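Raw start_17.cif, mmCIF, C-alpha atoms:
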```
data_query
loop_
_atom_site.label_atom_id
_atom_site.label_comp_id
_atom_site.auth_asym_id
_atom_site.auth_seq_id
_atom_site.Cartn_x
_atom_site.Cartn_y
_atom_site.Cartn_z
CA MET A 1 32.65 -15.93 -10.20
CA THR A 2 33.39 -19.07 -12.17
CA THR A 3 36.02 -20.56 -9.90
CA THR A 4 35.03 -22.90 -7.16
CA GLU A 5 36.50 -22.31 -3.76
CA LEU A 6 37.89 -25.41 -2.10
CA ARG A 7 36.96 -25.90 1.56
CA THR A 8 40.03 -26.33 3.73
CA ASP A 9 38.29 -26.11 7.15
CA LYS A 10 38.69 -29.17 9.36
CA PRO A 11 35.52 -30.71 10.75
CA PRO A 12 34.78 -29.54 14.30
CA SER A 13 36.25 -31.68 17.07
CA PRO A 14 33.91 -33.64 19.34
CA TRP A 15 32.89 -31.81 22.49
CA PHE A 16 34.88 -34.20 24.65
CA ALA A 17 38.19 -33.86 22.76
CA LYS A 18 39.49 -30.89 24.75
CA PRO A 19 38.62 -32.34 28.20
CA LEU A 20 40.29 -35.61 27.18
CA HIS A 21 43.36 -33.71 26.02
CA TRP A 22 43.68 -31.91 29.36
CA LEU A 23 43.02 -35.12 31.25
CA PHE A 24 45.85 -36.80 29.36
CA ILE A 25 48.19 -33.90 30.15
CA ALA A 26 47.25 -34.04 33.84
CA LEU A 27 47.73 -37.81 34.03
CA ARG A 28 51.07 -37.59 32.25
CA PHE A 29 52.22 -34.91 34.66
CA LEU A 30 51.05 -36.97 37.65
CA PHE A 31 52.79 -40.11 36.36
CA ARG A 32 56.08 -38.29 35.81
CA THR A 33 55.87 -36.59 39.20
CA LEU A 34 55.21 -39.86 41.04
CA LEU A 35 58.00 -41.59 39.10
CA LEU A 36 60.45 -38.84 40.01
CA LEU A 37 59.29 -38.72 43.65
CA TRP A 38 59.53 -42.49 44.17
CA THR A 39 63.00 -42.69 42.61
CA THR A 40 64.27 -39.70 44.59
CA LEU A 41 63.00 -41.07 47.91
CA THR A 42 64.36 -44.54 47.13
CA ILE A 43 67.80 -43.04 46.47
CA TYR A 44 67.61 -41.09 49.74
CA TYR A 45 66.39 -43.94 51.96
CA THR A 46 68.11 -47.00 50.46
CA THR A 47 71.46 -45.79 49.13
CA PRO A 48 74.10 -47.68 51.18
CA VAL A 49 75.84 -44.51 52.37
CA PRO A 50 76.05 -43.90 56.15
CA TRP A 51 76.08 -40.09 55.84
CA VAL A 52 72.63 -38.56 55.67
CA GLY A 53 73.99 -35.38 54.10
CA LEU A 54 75.53 -37.25 51.18
CA ARG A 55 72.33 -39.22 50.58
CA LEU A 56 70.43 -35.94 50.55
CA VAL A 57 72.85 -34.44 48.02
CA LEU A 58 72.48 -37.50 45.76
CA ALA A 59 68.69 -37.37 46.01
CA LEU A 60 68.52 -33.63 45.26
CA ALA A 61 70.94 -33.97 42.36
CA PHE A 62 68.76 -36.68 40.86
CA THR A 63 65.66 -34.52 41.38
CA VAL A 64 67.20 -31.65 39.43
CA PHE A 65 68.34 -34.00 36.68
CA GLY A 66 64.92 -35.67 36.58
CA ILE A 67 63.03 -32.39 36.20
CA TRP A 68 65.29 -31.43 33.33
CA ALA A 69 65.06 -34.86 31.67
CA LEU A 70 61.28 -35.21 32.01
CA TRP A 71 60.15 -31.63 31.29
CA TRP A 72 62.90 -29.41 29.87
CA ARG A 73 65.07 -31.62 27.68
CA SER A 74 65.64 -30.68 24.05
CA THR A 75 66.68 -34.16 22.92
CA SER A 76 65.73 -37.70 23.93
CA ARG A 77 69.13 -38.61 25.40
CA PRO A 78 68.40 -37.24 28.91
CA LEU A 79 65.18 -39.26 28.94
CA PHE A 80 67.11 -42.46 28.18
CA ALA A 81 69.58 -41.59 30.94
CA PHE A 82 66.70 -41.06 33.37
CA ALA A 83 65.20 -44.43 32.39
CA ALA A 84 68.56 -46.14 32.95
CA VAL A 85 68.94 -44.66 36.43
CA PHE A 86 65.34 -45.53 37.24
CA LEU A 87 65.85 -49.19 36.24
CA ILE A 88 69.02 -49.38 38.34
CA VAL A 89 67.16 -47.97 41.35
CA VAL A 90 64.27 -50.41 40.84
CA ALA A 91 66.71 -53.33 40.66
CA TRP A 92 68.45 -52.13 43.82
CA TYR A 93 65.13 -51.67 45.65
CA PHE A 94 63.97 -55.22 44.90
CA SER A 95 67.37 -56.63 45.86
CA LEU A 96 66.88 -55.46 49.47
CA ARG A 97 66.04 -58.41 51.71
CA PRO A 98 64.71 -58.50 55.28
CA SER A 99 66.89 -60.09 57.94
CA HIS A 100 66.81 -61.38 61.49
CA ASP A 101 70.53 -60.66 61.86
CA ARG A 102 70.80 -57.01 62.94
CA GLN A 103 71.62 -55.06 66.10
CA TRP A 104 68.04 -54.90 67.38
CA SER A 105 66.67 -52.56 70.01
CA PRO A 106 66.09 -54.47 73.28
CA ALA A 107 62.31 -54.00 73.05
CA VAL A 108 62.18 -56.00 69.80
CA ALA A 109 65.30 -58.14 70.12
CA VAL A 110 63.48 -61.46 70.57
CA MET A 111 61.15 -62.95 67.97
CA PRO A 112 58.30 -64.78 69.72
CA ARG A 113 57.17 -68.26 68.76
CA ALA A 114 54.05 -70.29 69.46
CA SER A 115 53.59 -74.05 69.55
CA LEU A 116 50.17 -75.71 69.44
CA ASP A 117 49.65 -79.08 71.11
CA GLY A 118 45.97 -79.91 70.97
CA ASP A 119 44.26 -77.35 73.16
CA ARG A 120 47.50 -76.16 74.72
CA ILE A 121 49.44 -73.23 73.26
CA ARG A 122 52.92 -72.40 74.46
CA PHE A 123 54.61 -69.07 73.74
CA THR A 124 58.29 -68.28 74.00
CA GLY A 125 59.70 -64.75 73.84
CA VAL A 126 56.81 -63.15 75.75
CA ARG A 127 57.84 -59.61 76.70
CA ASN A 128 57.37 -58.58 80.33
CA PHE A 129 59.75 -55.69 81.01
CA ASP A 130 59.94 -53.68 84.23
CA TYR A 131 60.04 -49.96 83.36
CA ARG A 132 61.55 -47.12 85.36
CA SER A 133 61.20 -44.72 82.40
CA LYS A 134 60.50 -45.19 78.73
CA ASP A 135 64.22 -45.67 78.08
CA ASP A 136 65.23 -47.33 81.34
CA PHE A 137 63.91 -50.84 81.90
CA THR A 138 64.81 -54.35 82.95
CA VAL A 139 64.66 -56.72 79.99
CA ARG A 140 62.69 -59.87 80.68
CA TYR A 141 61.33 -62.38 78.19
CA GLU A 142 59.24 -65.25 79.48
CA GLU A 143 57.26 -68.30 78.44
CA ARG A 144 53.47 -68.52 78.67
CA GLU A 145 50.98 -71.35 78.28
CA VAL A 146 47.28 -70.86 77.56
CA LEU A 147 44.37 -73.11 76.63
CA LEU A 148 42.59 -72.29 73.40
CA SER A 149 39.26 -73.55 74.75
CA HIS A 150 39.44 -70.92 77.52
CA LEU A 151 39.85 -67.98 75.10
CA THR A 152 36.67 -65.96 75.50
CA SER A 153 37.07 -62.58 73.77
CA VAL A 154 39.27 -60.02 72.02
CA ASP A 155 39.94 -56.43 73.05
CA PHE A 156 41.09 -53.69 70.68
CA PHE A 157 43.47 -50.86 71.63
CA VAL A 158 44.02 -47.52 69.91
CA SER A 159 47.10 -45.63 71.11
CA TYR A 160 47.89 -42.04 70.04
CA TRP A 161 51.53 -41.01 70.31
CA MET A 162 50.46 -37.56 69.07
CA PRO A 163 47.07 -35.94 68.37
CA GLY A 164 45.80 -36.52 64.87
CA PRO A 165 44.36 -39.06 62.47
CA VAL A 166 47.11 -41.68 62.86
CA ALA A 167 47.56 -44.04 65.80
CA HIS A 168 48.91 -47.45 66.75
CA THR A 169 46.43 -50.32 67.09
CA PHE A 170 46.86 -53.71 68.73
CA VAL A 171 44.81 -56.45 70.36
CA SER A 172 44.60 -58.58 73.49
CA PHE A 173 43.19 -62.08 73.66
CA ASN A 174 41.31 -62.74 76.90
CA PHE A 175 41.05 -66.03 78.78
CA ASP A 176 38.76 -67.03 81.63
CA ASN A 177 41.57 -68.77 83.52
CA ALA A 178 44.68 -66.72 82.69
CA PRO A 179 45.82 -63.12 82.11
CA PRO A 180 45.39 -61.72 78.58
CA ILE A 181 47.93 -62.28 75.83
CA CYS A 182 48.68 -58.94 74.15
CA VAL A 183 49.96 -58.84 70.54
CA SER A 184 51.27 -55.65 68.95
CA ILE A 185 52.29 -55.52 65.27
CA GLU A 186 55.29 -53.17 65.08
CA THR A 187 58.45 -52.22 63.25
CA ARG A 188 61.53 -54.06 64.41
CA THR A 189 63.90 -51.14 64.90
CA GLU A 190 67.64 -51.37 65.27
CA VAL A 191 69.67 -49.80 68.07
CA GLY A 192 69.54 -46.02 67.71
CA GLU A 193 66.93 -46.20 64.97
CA GLY A 194 63.57 -44.45 65.14
CA PHE A 195 60.40 -45.10 63.19
CA SER A 196 59.65 -43.01 60.11
CA PRO A 197 56.35 -43.52 58.24
CA VAL A 198 57.88 -42.45 54.91
CA ALA A 199 60.98 -44.60 55.36
CA SER A 200 58.73 -47.61 56.02
CA LEU A 201 57.58 -47.42 52.40
CA PHE A 202 61.13 -48.18 51.24
CA ARG A 203 62.05 -51.48 52.93
CA GLN A 204 63.76 -49.86 55.88
CA PHE A 205 62.15 -51.77 58.76
CA GLU A 206 61.48 -55.40 59.48
CA LEU A 207 58.17 -56.57 60.92
CA ILE A 208 57.62 -58.07 64.36
CA TYR A 209 54.60 -59.25 66.32
CA VAL A 210 55.44 -58.35 69.91
CA VAL A 211 53.75 -60.83 72.26
CA GLY A 212 53.67 -59.68 75.85
CA GLU A 213 51.90 -58.85 79.07
CA GLU A 214 49.53 -55.88 79.08
CA ARG A 215 51.44 -54.45 82.04
CA ASP A 216 54.31 -54.04 79.54
CA ILE A 217 52.79 -53.38 76.11
CA VAL A 218 49.94 -51.19 77.38
CA GLY A 219 51.66 -49.81 80.49
CA VAL A 220 54.72 -48.46 78.68
CA ARG A 221 52.42 -46.44 76.44
CA THR A 222 50.10 -45.06 79.13
CA ASN A 223 52.50 -44.61 82.03
CA PHE A 224 55.87 -43.81 80.45
CA ARG A 225 55.38 -42.62 76.85
CA HIS A 226 52.22 -40.77 77.94
CA GLU A 227 50.26 -41.80 74.88
CA ASP A 228 46.45 -41.61 74.95
CA VAL A 229 45.21 -45.20 74.94
CA PHE A 230 41.66 -46.41 74.37
CA LEU A 231 40.51 -49.96 75.12
CA TYR A 232 37.44 -51.39 73.39
CA ARG A 233 35.79 -54.75 73.93
CA LEU A 234 35.09 -56.31 70.53
CA GLN A 235 31.63 -57.80 70.18
CA VAL A 236 32.64 -61.13 68.65
CA SER A 237 31.94 -64.71 69.65
CA PRO A 238 34.51 -66.94 71.39
CA VAL A 239 34.61 -69.04 68.22
CA SER A 240 35.61 -66.00 66.13
CA ALA A 241 38.11 -64.91 68.78
CA ARG A 242 39.76 -68.34 68.70
CA GLY A 243 39.86 -68.32 64.91
CA LEU A 244 41.59 -64.93 64.92
CA PHE A 245 44.03 -66.15 67.58
CA LEU A 246 45.04 -69.11 65.40
CA VAL A 247 45.66 -66.77 62.45
CA TYR A 248 47.94 -64.70 64.69
CA LEU A 249 49.80 -67.83 65.81
CA ARG A 250 50.56 -68.80 62.21
CA ARG A 251 51.81 -65.32 61.40
CA ILE A 252 53.98 -65.17 64.52
CA ASN A 253 55.70 -68.41 63.50
CA ASP A 254 55.93 -67.38 59.84
CA LEU A 255 57.85 -64.26 60.86
CA ALA A 256 60.10 -66.21 63.19
CA ASP A 257 61.01 -68.48 60.25
CA ARG A 258 61.11 -65.88 57.46
CA PRO A 259 61.67 -62.18 58.10
CA GLU A 260 59.44 -59.67 56.31
CA PHE A 261 59.46 -55.92 55.80
CA TYR A 262 57.01 -53.61 57.52
CA HIS A 263 55.13 -51.44 55.02
CA LEU A 264 52.91 -48.53 56.01
CA LEU A 265 50.32 -49.20 53.29
CA ASN A 266 50.47 -52.97 52.94
CA SER A 267 51.69 -54.50 56.19
CA SER A 268 51.04 -52.11 59.07
CA CYS A 269 49.32 -52.73 62.39
CA THR A 270 45.75 -51.88 61.37
CA VAL A 271 45.99 -53.23 57.82
CA ASN A 272 47.13 -56.60 59.14
CA ILE A 273 44.46 -56.71 61.86
CA VAL A 274 41.78 -56.08 59.23
CA ARG A 275 43.34 -58.71 56.95
CA TYR A 276 43.25 -61.35 59.68
CA ALA A 277 39.72 -60.43 60.71
CA ARG A 278 38.62 -60.99 57.13
CA ALA A 279 40.31 -64.40 57.19
CA VAL A 280 37.83 -65.46 59.89
CA GLY A 281 34.86 -63.89 58.13
CA LYS A 282 34.72 -60.53 59.88
CA VAL A 283 34.95 -56.85 58.79
CA GLY A 284 33.40 -55.16 55.77
CA GLY A 285 34.85 -53.62 52.61
CA PHE A 286 37.57 -51.02 52.15
CA ASP A 287 37.55 -47.95 54.33
CA ILE A 288 40.06 -45.07 54.42
CA ARG A 289 40.15 -45.45 58.21
CA TYR A 290 42.43 -48.48 57.77
CA TYR A 291 45.12 -45.89 57.06
CA LEU A 292 43.78 -42.92 59.00
CA ASN A 293 43.53 -45.36 61.86
CA GLY A 294 43.08 -42.71 64.50
CA PHE A 295 39.43 -42.96 63.42
CA VAL A 296 39.30 -46.75 63.20
CA ASP A 297 37.26 -47.02 66.42
CA SER A 298 34.42 -45.05 64.81
CA TRP A 299 34.53 -47.45 61.87
CA LEU A 300 34.31 -50.49 64.17
CA TYR A 301 31.41 -48.81 65.95
CA SER A 302 29.57 -48.23 62.66
CA LEU A 303 29.90 -51.94 61.83
CA GLY A 304 28.59 -53.04 65.23
CA TYR A 305 31.85 -54.50 66.52
CA LEU A 306 31.81 -52.16 69.53
CA ASP A 307 29.12 -51.57 72.13
CA THR A 308 26.46 -49.57 70.28
CA SER A 309 24.14 -49.33 73.30
CA LEU A 310 26.03 -46.12 74.14
CA PRO A 311 26.55 -43.10 71.87
CA PHE A 312 30.01 -43.31 70.34
CA TYR A 313 31.35 -40.19 72.07
CA GLU A 314 30.31 -41.63 75.47
CA LEU A 315 31.79 -45.04 74.69
CA ARG A 316 35.04 -43.37 73.69
CA GLN A 317 35.21 -41.36 76.90
CA ARG A 318 34.68 -44.47 79.01
CA SER A 319 37.27 -46.40 76.96
CA HIS A 320 40.11 -43.99 77.75
CA ILE A 321 42.24 -46.01 80.19
CA ASN A 322 45.20 -43.73 81.02
CA ALA A 323 43.95 -42.77 84.50
CA ALA A 324 43.25 -46.39 85.40
CA ALA A 325 46.60 -47.56 83.99
CA ASN A 326 48.56 -44.93 85.92
CA ALA A 327 46.72 -45.84 89.11
CA ALA A 328 47.45 -49.53 88.52
CA GLY A 329 51.16 -48.94 87.96
CA ASP A 330 52.96 -52.27 87.81
CA SER A 331 50.51 -54.15 90.03
CA PRO A 332 49.79 -57.81 89.19
CA ASP A 333 46.11 -57.00 88.57
CA PHE A 334 46.93 -54.33 85.95
CA SER A 335 44.68 -55.95 83.31
CA GLU A 336 41.67 -56.11 85.63
CA ARG A 337 42.08 -52.53 86.79
CA ILE A 338 42.27 -50.96 83.31
CA ARG A 339 38.95 -52.69 82.50
CA ALA A 340 37.17 -51.82 85.72
CA ASP A 341 35.24 -48.83 84.32
CA LEU A 342 34.60 -50.19 80.84
CA PRO A 343 31.02 -50.94 79.74
CA PRO A 344 30.23 -54.63 80.36
CA MET A 345 30.33 -57.06 77.45
CA ARG A 346 26.97 -57.45 75.73
CA PRO A 347 25.55 -60.96 76.04
#
```
Would you write the structure of this file as structure tokens?
Amino acid sequence: MTTTELRTDKPPSPWFAKPLHWLFIALRFLFRTLLLLWTTLTIYYTTPVPWVGLRLVLALAFTVFGIWALWWRSTSRPLFAFAAVFLIVVAWYFSLRPSHDRQWSPAVAVMPRASLDGDRIRFTGVRNFDYRSKDDFTVRYEEREVLLSHLTSVDFFVSYWMPGPVAHTFVSFNFDNAPPICVSIETRTEVGEGFSPVASLFRQFELIYVVGEERDIVGVRTNFRHEDVFLYRLQVSPVSARGLFLVYLRRINDLADRPEFYHLLNSSCTVNIVRYARAVGKVGGFDIRYYLNGFVDSWLYSLGYLDTSLPFYELRQRSHINAAANAAGDSPDFSERIRADLPPMRP
């Protein structure tokens, strides 16, 4: 044979080309899915339509259109239409602003304030309700004065409104000459409005730091909502406790001056507590238990912020305060009685 055959074979692809190709496809699919999901949920939760059914129809219609535009289109026009709707939704989302001027539920109707005069701290808007049931109570907001130099410690509460990995966390600041000041970071719900974790991702709730008596903030959870509440003494120095208290005071006043949105991932109860603890030089690196905060007590135990002289399961059993809180009822020594069976503070 006198003719020379020309090689037309392509050189073999590198071994990593196919995995990279599939990784790209997977990431593209994930990006499109998240884009579609975020836009759909934003339409559902933020569209200014009072009828839930109509918002649901709009969200589902966009979902169907988005699937067609992102995966089944035959031309680029549907993709441009999707991008236009997405940009409109983004603009609308960022135009939403928090407000102090709404029809608030009585439990969060008053924004507390704190004034610092040397060693003396004065609170207004301190909640101290009398409860007959979880929905029947006498509204009472009071003023309280405490001395910073008499702040001795911080206690940490974990409250489960249902079994599972998610809970509500809050703190109490303890004084050697006055009852504790309890501070609970919560959503500021409107009349007739309930909390929704998903909705909180879409600028639907304002943020409030409820300052109150433990007989109220703890007692309503243990005695009337029947939540499982655990009380832990944090092993921190008085100096650290006072530093954390001052951070809380600044945030309380910031919110009274400028409303902010609650956000499940960025500005929730546990996330903010961790943030403020870091501001005074406490707490370690990231941990998933910031968000699965039903396990946050085990994380604090692992870092040595709880009493490690006992096994964790025993400490947790002794920290369950529901029986003590129910026995205390609305007695003036409620705070002392819920701590009666706790392990003593380590020196």
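Neighbouring residues of region 267-274 of chain A at 7 Å or closer, counting all atoms listed in the file and skipping chain neighbours under 5 positions away, are His168, Thr169, Phe170, Ile185, Glu186, Tyr262, Val283, Tyr290 and Asn293 of chain A.
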(Q) Env of region 174-180 of chain A: 8 Å cut, atoms = all atoms listed in the file, seq-sep filter 5 positions within chain, self excluded. Answer as an NGL selection string. (A) :A and (146 or 150-155 or 213-214 or 335)
(Q) Set the distance at 12 Å and use only C-alpha atoms: which residues neighbour Val85 (chain A) once local chain neighbours fewer than 6 positions away are removed? I'd like the list as JSON, numbers by chain. (A) {"A": [35, 36, 39, 40, 42, 43, 62, 63, 65, 66, 69, 78, 79, 91, 92]}
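One finds CA of Phe86 (chain A) at 25.4 Å from CA of Ser99 (chain A).
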Q: Could you expand the PyMOL selection byres ((chain A and resi 113) around 6) into the explicit residues it covers here, written as JSON, numbers by chain?
A: {"A": [112, 114, 123, 124, 253]}
What are the centre and edge lengths in Å, to one decimal, of the axis-aligned box around all listed atoms of region 159-162 of chain A with 4 Å added on each side, as AutoDock Vina command-line options?
```
--center_x 49.3 --center_y -41.6 --center_z 70.1 --size_x 12.4 --size_y 16.1 --size_z 10.0
```
Q: For each of A:Arg316, A:Arg122, A:Arg32, A:Arg188, take the minimum atom-to-atom distance to Pro106 (chain A), counting all atoms listed in the file, then give the residue where this is smallest.
A: A:Arg188
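Reported to one decimal place, the separation of CA of Gly219 (chain A) from CA of Val183 (chain A) is 13.5 Å.
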Produce a table with one row for each residue of region 111-185 of chain A that has an atom at most 8 Å from any atom of region 208-211 of chain A, each row naming the nearest atom pair and its distance in Å at one decimal; use all atoms listed in the file; arrange rows by chain and rising residue number; format as CSV.
```
residue,atom,partner,partner_atom,distance
A:Met111,CA,A:Ile208,CA,7.0
A:Pro112,CA,A:Val211,CA,6.5
A:Gly125,CA,A:Val211,CA,7.3
A:Val126,CA,A:Val211,CA,5.2
A:Arg127,CA,A:Val211,CA,6.2
A:Ile181,CA,A:Val211,CA,7.0
A:Cys182,CA,A:Val211,CA,5.7
A:Val183,CA,A:Val211,CA,4.6
A:Ser184,CA,A:Val210,CA,5.1
A:Ile185,CA,A:Tyr209,CA,4.5
```
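Going from CA of Ala279 (chain A) over to CA of Thr187 (chain A), you cover 22.7 Å.
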**Q.** Sel. within 7 Å of pt (61.4, -60.9, 56.5), counting all atoms listed in the file, output as an NGL selection string
**A.** :A and (98-99 or 206-207 or 255 or 258-261)
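Neighbourhood of point (60.4, -39.3, 72.3): residues with an atom at most 10 Å away, counting all atoms listed in the file, are A:Lys134, A:Asp135, A:Trp161, A:Gly194, A:Arg225.
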(Q) So, with only C-alpha atoms as the atoms that count, which of A:Leu116, A:Val64, A:Ile217, A:Ala84 lies closest to Val229 (chain A)? (A)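 Looking only at the distances to Val229 (chain A), the closest residue turns out to be A:Ile217.
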Q: Do a neighbour search on Asp297 (chain A) at 9 Å with only C-alpha atoms, toss out local chain neighbours closer than 6 positions, and write the hits as a list of chain:residue names.
A: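 Non-adjacent residues within range: A:Phe156, A:Phe157, A:Val158, A:Tyr232, A:Arg289, A:Leu306, A:Arg316.
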